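To start, the structure under review is shown below, and the notes come after it.
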Amino acid sequence: MVLQNVCFMMLYFIPAFLYCLYNNLAFVSLSAFDPTTYYLLLQFRVVVTGIVFQILFRKHLSSKQWLSLILLTAGCMIKQIDFTRTDAAKISATPEAQKSDNGFHLSINLVFIFVQTLCSCFAGVYNEYLLKGEGAGVNIFVQNVFMYVDSIVCNAGILLYQGNLFEAFTRDSLTSVFQFKVIIIMLNNAAIGIITSFFLKNLNSILKTFASALELMFTAILCWILFGIPVYINTFVAISIVSYAVILYSQNPVVNEAKHISEKAKYLSERGTEEV
């Protein structure tokens with residue numbers, strides 16, 4: 001039993017490393033784009049998630065489901081269109097990302113987001129695969145422990161590779177971490193991770209990604225209130241399209257049950273047929 005759990009824990013190194021890379025790239029992306037643009041660009045993960053989902057679970061999405069994915073992608077592309085043709089409405093990037101006239105810095109940042117998107121999609125779908133397949137009978141909190149322990153090991157490995165492992169545990173570094181706001185953020189992200197595992201266990205990664213798209217509306221409003229980032233016409237149109245895509249998908253969502261649930265339903269169905 002112990003050996004089985006150890007082997008199962010090793011499988012979690014795959015999503016743990018991908019999430020580790022995703023989180024580190026998030027800091028790079030957020031330094032280049034404003035929060036609204038950042039989250040809009042990340043919505044490309046919906047299409048990629050659909051492709052990875054079909055491959056791992058061998059399920060084919062319907063035409064309506066793919067239409068909703070395409071609309072969601074279109075909303076992200078429209079966010080980058082300059083409708084007003086003014087300096088204020090250019091692609092929302094930081095001054096550092098706009099220094100180069102040939103757009104080199106912006107291209108590099110878009111590549112980072114693309115890699116980040118791939119990491120997020122594959123990690124999310126693979127995590128669902130473990131929750132519903134190999135780990136269908138394993139307690140979900142035990143699986144969360146496996147994920148977080150593996151994530152700590154992966155982050156420690158990256159720090160060691162960068163030569164910053166020991167610097168991360170100096171007095172100044174620990175003092176900067178153990179602050180009220182930082183602790184609140186860590187607790188919030190930990191809670192999000194646990195809720196996400198329940199979401200993937202009972203629903204699926206595609207629906208989870210669609211639910212994340214709702215962040216766009218709230219992010220745009222909060223950025224306008226807290227940081228004074230204006231909401232231009234392209235942002236409004238993009239959010240409208242994303243919202244419609246979510247509504248369209250909700251009319252025909254993907255169903256992907258855990259292995260033990262589907263097997264139990266099949267057994268009850270066969271038993272009922274025999275009794276008749």
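Identifiers in this document derive from the order of the structure tokens: chains are assigned A, B, ..., residues are numbered from 1 separately in each chain, and ligands are numbered from 1 in order of occurrence.
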Proximity of segment 161-253 of chain A to segment 110-126 of chain A: per-residue shortest pair, 10 Å limit, only C-alpha atoms, as CSV:
residue,atom,partner,partner_atom,distance
A:Thr196,CA,A:Gly124,CA,9.3
A:Ser197,CA,A:Gly124,CA,9.5
A:Leu200,CA,A:Gly124,CA,8.3
A:Asn204,CA,A:Val125,CA,8.2
A:Ser205,CA,A:Val125,CA,5.7
A:Ile206,CA,A:Val125,CA,8.3
A:Lys208,CA,A:Gly124,CA,9.1
A:Thr209,CA,A:Cys121,CA,8.8
Given the selection you just returned, output its residues as a file containing C-alpha atoms, formatted as a compact mmCIF listing (two decimals), in the first residue's frame.
# COMPACT_ATOMS: atom_id res chain seq x y z
CA THR A 196 -10.03 23.26 -7.95
CA SER A 197 -9.33 19.63 -7.05
CA LEU A 200 -12.01 18.58 -11.35
CA ASN A 204 -14.16 18.58 -15.59
CA SER A 205 -11.24 20.73 -16.68
CA ILE A 206 -13.07 22.33 -19.62
CA LYS A 208 -13.33 24.78 -14.92
CA THR A 209 -11.58 26.80 -17.63
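Minimum atom-to-atom distance to Met10 of chain A, evaluated using only C-alpha atoms, belongs to A:Val153 out of A:Leu41, A:Met77, A:Ile221, A:Val153.
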Could you state the separation of atom CA of Thr37 of chain A and atom CA of Ile194 of chain A in Å, given to one decimal place?
26.5 Å
Backbone DSSP call of alpha helix (DSSP H) for segment 108-208 of chain A, listed as a PyMOL selection string
chain A and resi 108-129+140-162+171-177+180-202+205-208
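Separating atom CA of Val48 of chain A from atom CA of Thr219 of chain A is a distance of 22.3 Å.
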